[in-house]
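target14.txt follows; it contains compact mmCIF, C-alpha atoms and all ligand atoms.
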# COMPACT_ATOMS: atom_id res chain seq x y z
CA MET N 1 14.77 232.59 -22.05
CA GLY N 2 13.24 229.29 -23.02
CA PHE N 3 13.74 226.17 -20.88
CA LYS N 4 15.74 223.01 -20.27
CA LEU N 5 13.56 219.96 -19.69
CA VAL N 6 14.92 216.86 -17.92
CA ASN N 7 13.48 213.51 -16.88
CA VAL N 8 14.43 212.76 -13.27
CA ASP N 9 13.48 209.17 -12.40
CA GLY N 10 10.44 209.39 -14.68
CA ARG N 11 9.26 212.85 -13.61
CA ALA N 12 9.47 215.96 -15.79
CA ALA N 13 11.62 218.74 -14.32
CA LEU N 14 13.18 222.02 -15.38
CA ALA N 15 16.97 222.32 -15.12
CA SER N 16 18.62 225.60 -14.17
CA ASP N 17 22.00 226.53 -12.67
CA GLY N 18 22.87 222.99 -11.57
CA HIS N 19 19.49 222.36 -9.95
CA TYR N 20 16.26 220.74 -11.05
CA TYR N 21 12.71 221.79 -10.26
CA ASP N 22 9.84 219.29 -10.32
CA LEU N 23 7.44 220.58 -12.99
CA ASN N 24 4.23 219.27 -11.51
CA GLU N 25 5.15 220.80 -8.15
CA ILE N 26 6.24 224.25 -9.35
CA SER N 27 3.22 224.54 -11.65
CA GLY N 28 0.83 223.72 -8.80
CA GLY N 29 -0.31 220.65 -10.73
CA ALA N 30 -0.99 222.55 -13.97
CA VAL N 31 1.77 220.72 -15.91
CA SER N 32 1.90 216.93 -15.96
CA ASP N 33 4.77 215.05 -14.32
CA ASP N 34 4.99 212.97 -17.53
CA PRO N 35 7.87 214.26 -19.71
CA MET N 36 5.90 213.43 -22.89
CA GLN N 37 2.96 215.58 -21.77
CA ALA N 38 5.28 218.39 -20.67
CA LEU N 39 6.60 218.66 -24.25
CA ALA N 40 3.16 219.86 -25.34
CA ALA N 41 3.33 222.78 -22.89
CA ALA N 42 6.32 224.73 -24.24
CA SER N 43 4.96 228.21 -23.52
CA GLN N 44 4.05 227.21 -19.93
CA LEU N 45 7.55 225.79 -19.45
CA SER N 46 9.11 229.06 -20.62
CA ALA N 47 6.92 231.07 -18.24
CA LEU N 48 7.75 228.76 -15.31
CA ASN N 49 11.44 228.91 -16.19
CA ALA N 50 11.36 232.70 -16.01
CA ALA N 51 9.94 232.44 -12.46
CA LEU N 52 12.41 229.83 -11.12
CA GLY N 53 14.24 232.46 -9.06
CA GLY N 54 11.53 232.40 -6.40
CA MET N 55 11.15 228.63 -6.26
CA THR N 56 12.78 225.84 -4.28
CA PRO N 57 14.75 223.28 -6.29
CA ALA N 58 13.94 219.59 -5.82
CA GLY N 59 17.61 218.66 -5.96
CA ASN N 60 21.01 218.94 -7.61
CA LEU N 61 21.31 217.85 -11.23
CA ALA N 62 24.63 216.18 -10.43
CA ASP N 63 22.85 213.78 -8.04
CA ALA N 64 19.80 213.19 -10.27
CA ASN N 65 19.11 209.94 -12.09
CA LEU N 66 18.48 211.43 -15.55
CA LEU N 67 16.50 209.24 -17.93
CA ALA N 68 15.70 209.91 -21.61
CA PRO N 69 14.02 213.34 -21.71
CA VAL N 70 11.76 211.97 -24.47
CA PRO N 71 11.10 208.46 -23.15
CA ARG N 72 8.30 207.41 -25.53
CA PRO N 73 8.45 209.28 -28.87
CA PRO N 74 5.38 208.48 -31.00
CA GLN N 75 7.65 208.33 -34.06
CA GLY N 76 11.43 208.30 -34.53
CA PHE N 77 13.18 209.36 -37.72
CA GLY N 78 16.80 209.17 -38.78
CA ILE N 79 18.45 211.11 -41.59
CA GLY N 80 21.27 209.48 -43.55
CA LEU N 81 24.24 211.20 -45.19
CA ASN N 82 23.32 214.70 -44.00
CA TYR N 83 26.89 216.02 -43.65
CA ARG N 84 28.98 216.44 -46.78
CA LYS N 85 32.15 214.92 -45.33
CA HIS N 86 30.26 211.90 -43.97
CA ALA N 87 28.66 211.26 -47.38
CA GLU N 88 32.15 211.41 -48.88
CA GLU N 89 33.71 209.04 -46.29
CA ALA N 90 30.83 206.60 -46.90
CA ASN N 91 31.52 206.83 -50.63
CA MET N 92 27.96 208.00 -51.32
CA ASP N 93 26.61 210.83 -53.47
CA ILE N 94 25.46 214.04 -51.74
CA PRO N 95 21.68 213.50 -51.43
CA GLU N 96 19.29 215.80 -53.28
CA VAL N 97 16.37 214.91 -51.01
CA PRO N 98 16.66 213.82 -47.36
CA MET N 99 17.46 210.11 -46.97
CA VAL N 100 15.09 209.04 -44.20
CA PHE N 101 14.84 205.85 -42.16
CA THR N 102 13.01 204.77 -38.99
CA LYS N 103 14.43 204.70 -35.48
CA TYR N 104 11.77 202.57 -33.79
CA PRO N 105 10.83 204.14 -30.42
CA ALA N 106 11.53 200.91 -28.49
CA SER N 107 15.24 201.62 -29.09
CA VAL N 108 15.29 204.70 -26.82
CA THR N 109 17.51 204.72 -23.75
CA GLY N 110 18.79 207.48 -21.47
CA PRO N 111 21.92 209.65 -21.37
CA THR N 112 23.75 207.16 -19.14
CA GLY N 113 22.05 203.99 -20.38
CA ASP N 114 24.12 200.97 -21.43
CA VAL N 115 24.25 200.17 -25.15
CA VAL N 116 23.89 196.44 -25.75
CA LEU N 117 26.00 195.19 -28.67
CA ARG N 118 24.63 192.09 -30.42
CA SER N 119 27.45 191.67 -32.97
CA ASN N 120 31.04 192.84 -33.54
CA TYR N 121 29.88 195.40 -36.15
CA VAL N 122 28.16 198.02 -34.00
CA ASP N 123 29.03 201.68 -34.62
CA TYR N 124 28.47 205.09 -33.01
CA GLU N 125 26.90 208.12 -34.74
CA GLY N 126 26.74 211.29 -32.64
CA GLU N 127 23.76 213.40 -33.72
CA LEU N 128 21.70 216.48 -33.01
CA VAL N 129 18.13 215.37 -32.25
CA VAL N 130 15.07 217.52 -32.91
CA VAL N 131 12.08 217.08 -30.58
CA ILE N 132 8.72 218.15 -32.01
CA GLY N 133 6.47 220.40 -29.90
CA ALA N 134 3.38 221.63 -31.72
CA PRO N 135 2.14 219.05 -34.27
CA ALA N 136 3.29 219.83 -37.81
CA LYS N 137 1.41 219.21 -41.05
CA ASP N 138 2.51 220.68 -44.42
CA VAL N 139 4.74 223.25 -42.71
CA ALA N 140 6.77 225.73 -44.78
CA VAL N 141 10.54 225.74 -44.23
CA GLU N 142 10.42 229.25 -42.74
CA ASP N 143 7.95 228.00 -40.09
CA GLY N 144 9.92 224.85 -39.25
CA TRP N 145 11.49 226.07 -35.98
CA ARG N 146 8.02 226.95 -34.59
CA HIS N 147 7.23 223.24 -34.31
CA VAL N 148 10.44 222.37 -32.47
CA ALA N 149 10.00 222.03 -28.67
CA GLY N 150 13.73 221.64 -28.29
CA LEU N 151 16.97 219.96 -29.21
CA CYS N 152 18.94 217.25 -27.46
CA VAL N 153 21.99 215.05 -27.88
CA GLY N 154 21.51 211.65 -29.50
CA GLN N 155 23.43 208.60 -30.61
CA ASP N 156 22.21 206.75 -33.69
CA ILE N 157 23.84 203.46 -32.72
CA SER N 158 24.00 201.24 -35.79
CA ASP N 159 24.59 197.52 -36.26
CA ARG N 160 26.25 197.68 -39.67
CA ALA N 161 25.91 193.93 -40.23
CA VAL N 162 22.10 194.21 -40.06
CA GLN N 163 21.99 197.63 -41.74
CA PHE N 164 23.62 196.13 -44.84
CA ALA N 165 22.34 192.55 -44.52
CA SER N 166 19.73 192.77 -47.27
CA THR N 167 19.88 193.87 -50.90
CA PRO N 168 19.05 196.69 -51.32
CA PRO N 169 20.10 197.75 -47.80
CA GLN N 170 17.31 198.58 -45.31
CA PHE N 171 18.51 200.73 -42.41
CA ASN N 172 15.56 200.60 -40.00
CA LEU N 173 16.30 197.41 -38.06
CA GLY N 174 20.07 197.86 -37.85
CA LYS N 175 19.44 201.19 -36.12
CA SER N 176 16.60 200.07 -33.86
CA PHE N 177 17.96 197.37 -31.56
CA ASP N 178 16.99 197.89 -27.91
CA THR N 179 19.22 200.66 -26.43
CA PHE N 180 20.35 201.94 -29.88
CA SER N 181 18.83 205.42 -29.42
CA PRO N 182 20.39 207.11 -26.39
CA LEU N 183 18.79 210.54 -25.84
CA GLY N 184 19.63 213.27 -23.34
CA PRO N 185 20.63 214.71 -21.02
CA MET N 186 18.00 217.45 -21.51
CA VAL N 187 15.73 219.00 -24.13
CA VAL N 188 16.80 222.61 -24.64
CA SER N 189 14.32 224.96 -26.29
CA PRO N 190 15.74 226.75 -29.37
CA ASP N 191 15.29 230.19 -27.77
CA ALA N 192 17.58 229.15 -24.90
CA LEU N 193 20.47 228.85 -27.40
CA ASP N 194 22.44 231.72 -28.94
CA ASN N 195 22.72 230.00 -32.30
CA PRO N 196 20.58 226.84 -32.47
CA GLY N 197 21.52 226.37 -36.14
CA ALA N 198 25.26 225.89 -35.54
CA LEU N 199 26.30 223.82 -32.50
CA ARG N 200 29.60 222.00 -32.08
CA LEU N 201 29.19 218.22 -31.81
CA THR N 202 31.83 215.75 -30.62
CA THR N 203 31.88 211.99 -30.08
CA ARG N 204 34.63 210.42 -27.99
CA VAL N 205 35.22 206.70 -27.59
CA ASN N 206 37.32 205.81 -24.52
CA GLY N 207 38.50 209.43 -24.46
CA GLU N 208 39.59 209.53 -28.12
CA VAL N 209 37.88 212.16 -30.29
CA ARG N 210 36.24 210.36 -33.23
CA GLN N 211 33.80 213.03 -34.47
CA ASP N 212 34.10 216.81 -34.22
CA ASP N 213 31.95 219.05 -36.42
CA THR N 214 29.24 221.69 -36.26
CA THR N 215 25.55 221.27 -37.00
CA GLY N 216 25.97 224.35 -39.21
CA ASP N 217 27.30 221.87 -41.80
CA LEU N 218 24.00 219.96 -42.10
CA ILE N 219 22.98 219.58 -45.75
CA PHE N 220 19.27 219.63 -44.78
CA ASP N 221 18.96 221.80 -41.67
CA VAL N 222 16.39 221.55 -38.86
CA PRO N 223 13.57 223.61 -40.46
CA ALA N 224 14.09 221.91 -43.83
CA LEU N 225 13.73 218.45 -42.21
CA VAL N 226 10.63 219.43 -40.22
CA SER N 227 9.07 220.86 -43.38
CA TYR N 228 9.96 217.87 -45.56
CA LEU N 229 8.68 215.21 -43.15
CA SER N 230 5.54 217.23 -42.33
CA HIS N 231 4.52 217.07 -45.98
CA ILE N 232 4.46 213.27 -45.74
CA MET N 233 2.96 212.58 -42.30
CA THR N 234 1.75 214.72 -39.42
CA LEU N 235 4.60 215.17 -36.96
CA GLN N 236 3.35 214.67 -33.42
CA THR N 237 4.37 216.16 -30.09
CA GLY N 238 7.40 214.22 -28.87
CA ASP N 239 8.47 212.86 -32.26
CA VAL N 240 12.25 212.79 -32.57
CA ILE N 241 14.37 213.41 -35.67
CA PHE N 242 17.99 212.21 -35.58
CA THR N 243 19.44 214.74 -38.02
CA GLY N 244 22.42 212.73 -39.28
CA THR N 245 26.01 212.21 -38.25
CA PRO N 246 29.22 214.00 -39.23
CA SER N 247 32.33 212.22 -40.51
CA GLY N 248 34.43 209.97 -38.31
CA VAL N 249 32.14 206.94 -37.86
CA GLY N 250 33.86 203.70 -36.92
CA ALA N 251 32.89 201.55 -39.92
CA VAL N 252 35.10 203.41 -42.40
CA GLN N 253 38.08 202.99 -40.05
CA GLY N 254 37.32 199.38 -39.02
CA LEU N 255 36.80 200.66 -35.45
CA PHE N 256 33.64 199.01 -34.12
CA LEU N 257 32.37 199.26 -30.56
CA ARG N 258 33.50 196.63 -28.07
CA ASP N 259 32.36 195.40 -24.65
CA GLY N 260 33.26 198.03 -22.05
CA ASP N 261 33.79 200.93 -24.47
CA GLU N 262 32.61 204.31 -23.21
CA VAL N 263 30.91 206.60 -25.76
CA VAL N 264 30.79 210.26 -24.73
CA THR N 265 28.70 212.57 -26.92
CA THR N 266 28.63 216.33 -26.40
CA ILE N 267 26.76 219.11 -28.18
CA GLU N 268 27.44 222.74 -27.32
CA GLY N 269 24.63 224.10 -25.14
CA LEU N 270 22.84 220.75 -24.92
CA GLY N 271 25.15 218.81 -22.60
CA THR N 272 26.89 215.45 -22.59
CA MET N 273 25.80 211.81 -22.63
CA THR N 274 28.03 208.97 -21.41
CA ASN N 275 26.98 205.52 -22.57
CA ARG N 276 28.80 202.30 -21.81
CA CYS N 277 28.81 199.38 -24.26
CA VAL N 278 27.95 195.89 -23.05
CA ARG N 279 28.27 192.84 -25.31
CA GLY N 280 25.05 190.82 -25.39
CA PRO N 281 24.29 187.56 -27.19
CA ASP N 282 24.72 187.40 -30.98
CA HIS N 283 21.73 188.34 -33.17
CA PRO N 284 20.84 185.95 -36.04
CA ASN N 285 22.99 187.79 -38.63
CA ALA N 286 25.92 188.44 -36.29
CA THR N 287 28.26 185.92 -37.87
CA ALA N 288 26.80 185.76 -41.41
CA VAL N 289 29.35 186.65 -44.06
CA THR N 290 27.34 189.29 -45.93
CA PRO N 291 28.93 191.44 -48.66
CA PHE N 292 29.35 194.19 -46.00
CA VAL N 293 31.21 191.89 -43.60
CA ALA N 294 33.30 190.49 -46.45
CA GLY N 295 34.19 194.09 -47.40
CA ILE N 296 35.37 194.84 -43.86
CA ALA N 297 37.47 191.67 -43.81
CA ALA N 298 38.99 192.55 -47.18
CA ARG N 299 39.90 196.05 -45.97
CA LYS N 300 41.72 194.60 -42.97
CA ASP N 301 43.85 192.23 -45.11
ZN ZN Y 401 22.70 208.45 -38.17
Take the structure I supplied and represent it as structure tokens, if you would.
Ligand code: ZN
Amino acid sequence: MGFKLVNVDGRAALASDGHYYDLNEISGGAVSDDPMQALAAASQLSALNAALGGMTPAGNLADANLLAPVPRPPQGFGIGLNYRKHAEEANMDIPEVPMVFTKYPASVTGPTGDVVLRSNYVDYEGELVVVIGAPAKDVAVEDGWRHVAGLCVGQDISDRAVQFASTPPQFNLGKSFDTFSPLGPMVVSPDALDNPGALRLTTRVNGEVRQDDTTGDLIFDVPALVSYLSHIMTLQTGDVIFTGTPSGVGAVQGLFLRDGDEVVTTIEGLGTMTNRCVRGPDHPNATAVTPFVAGIAARKD
């Protein structure tokens, strides 16, 4: 049961068996064609999905121009150091409370969108992304999943030079350049997955596997994150939570993204995103020798 929501050229659609169905059309106008509005109608989407057998698809998914299924999240959150092995590779303590930063919504791009690199210190972070359905305020952990419209694949692209430019470090800007939040290819409702709490996640760069783990290893899992954040601010329909990345990021290996690199991110049951890297002009800190950059240089010597 449940549903798979896609954004085809700006219109909300349901995906099923290789086809897509225009939501506004199949609902007789009852559900908006705006993907953000559709996220508020989870129970209607499930009912429509159950009736797809008698409906005519609008086209083949393989031919569709899929954009970010959550194109304009009201709020975007990122969670740092949420996998044990990643905290260890980053030489950081295992957090006792979630380490939260902002992914500004302007950074969202789609599942095939280009990622524009503005320095030579840009990194990939494959992540499970939670999309909020019903607004959440002071929600108990055991009720956390009830506020999740669905899950999707995400990349928390990070300019490490900016992330560590100030003292103490401030992650928000380094993770919020334009195009630094690829989302897609679809939002899958939790009840459409056999085990939404443990999904295999891989990131490949130019075909080489860099990250391979399961979301079952999250230190703070999906309901715990929804609960925690909801005690601080009201989570709104369409908010996205990047839940953290497993080990294997480029920075610890000195492997930063380069012009022309292809980043392929897959999560079991949620699909695959393929994003190409394009080198843009330097940002103001791109060539500054910060302690982070000096550390990278020292490691290479
Ligand atoms: Zn991250």
**OP:** For N:Thr266, please output as a VMD selection string all residues within 12 Å (counting only C-alpha atoms; exclusion window: fewer than 5 positions along the same chain).
**Re:** chain N and resid 111 125 to 128 152 to 155 183 to 186 199 to 205 209 to 214 271 to 275
Just the selected residues (C-alpha atoms), exported as a short mmCIF file (atom, residue, chain, number, x, y, z; two decimals), in the frame of the given file, please.
data_model
loop_
_atom_site.label_atom_id
_atom_site.label_comp_id
_atom_site.auth_asym_id
_atom_site.auth_seq_id
_atom_site.Cartn_x
_atom_site.Cartn_y
_atom_site.Cartn_z
CA PRO N 111 21.92 209.65 -21.37
CA GLU N 125 26.90 208.12 -34.74
CA GLY N 126 26.74 211.29 -32.64
CA GLU N 127 23.76 213.40 -33.72
CA LEU N 128 21.70 216.48 -33.01
CA CYS N 152 18.94 217.25 -27.46
CA VAL N 153 21.99 215.05 -27.88
CA GLY N 154 21.51 211.65 -29.50
CA GLN N 155 23.43 208.60 -30.61
CA LEU N 183 18.79 210.54 -25.84
CA GLY N 184 19.63 213.27 -23.34
CA PRO N 185 20.63 214.71 -21.02
CA MET N 186 18.00 217.45 -21.51
CA LEU N 199 26.30 223.82 -32.50
CA ARG N 200 29.60 222.00 -32.08
CA LEU N 201 29.19 218.22 -31.81
CA THR N 202 31.83 215.75 -30.62
CA THR N 203 31.88 211.99 -30.08
CA ARG N 204 34.63 210.42 -27.99
CA VAL N 205 35.22 206.70 -27.59
CA VAL N 209 37.88 212.16 -30.29
CA ARG N 210 36.24 210.36 -33.23
CA GLN N 211 33.80 213.03 -34.47
CA ASP N 212 34.10 216.81 -34.22
CA ASP N 213 31.95 219.05 -36.42
CA THR N 214 29.24 221.69 -36.26
CA GLY N 271 25.15 218.81 -22.60
CA THR N 272 26.89 215.45 -22.59
CA MET N 273 25.80 211.81 -22.63
CA THR N 274 28.03 208.97 -21.41
CA ASN N 275 26.98 205.52 -22.57
#
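Atom pair atom CA of N:Tyr104 / atom CA of N:Asp261: separated by 24.0 Å.
Using only C-alpha atoms for every distance, the candidate list N:Ala134, N:Ala165, N:Leu117, N:Val100 yields N:Ala134 as the residue closest to N:Ala40.
The gap separating atom CA of N:Phe242 from atom CA of N:Gly76 is 7.7 Å, in Å to one decimal.
Atom CA of N:Gly54 is found 13.3 Å from atom CA of N:His19.
Distances from N:Val6, N:Met36, N:Ala286, N:Val264 to N:Ser189 were compared using all atoms listed in the file, and the smallest one belongs to N:Val6.
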**OP:** Within 12 Å of N:Asp93, counting all atoms listed in the file, which residues show up once you throw out same-chain ones fewer than 6 positions away? Write them as an MDAnalysis selection string, please.
**Re:** chainID N and resid 80:87 99
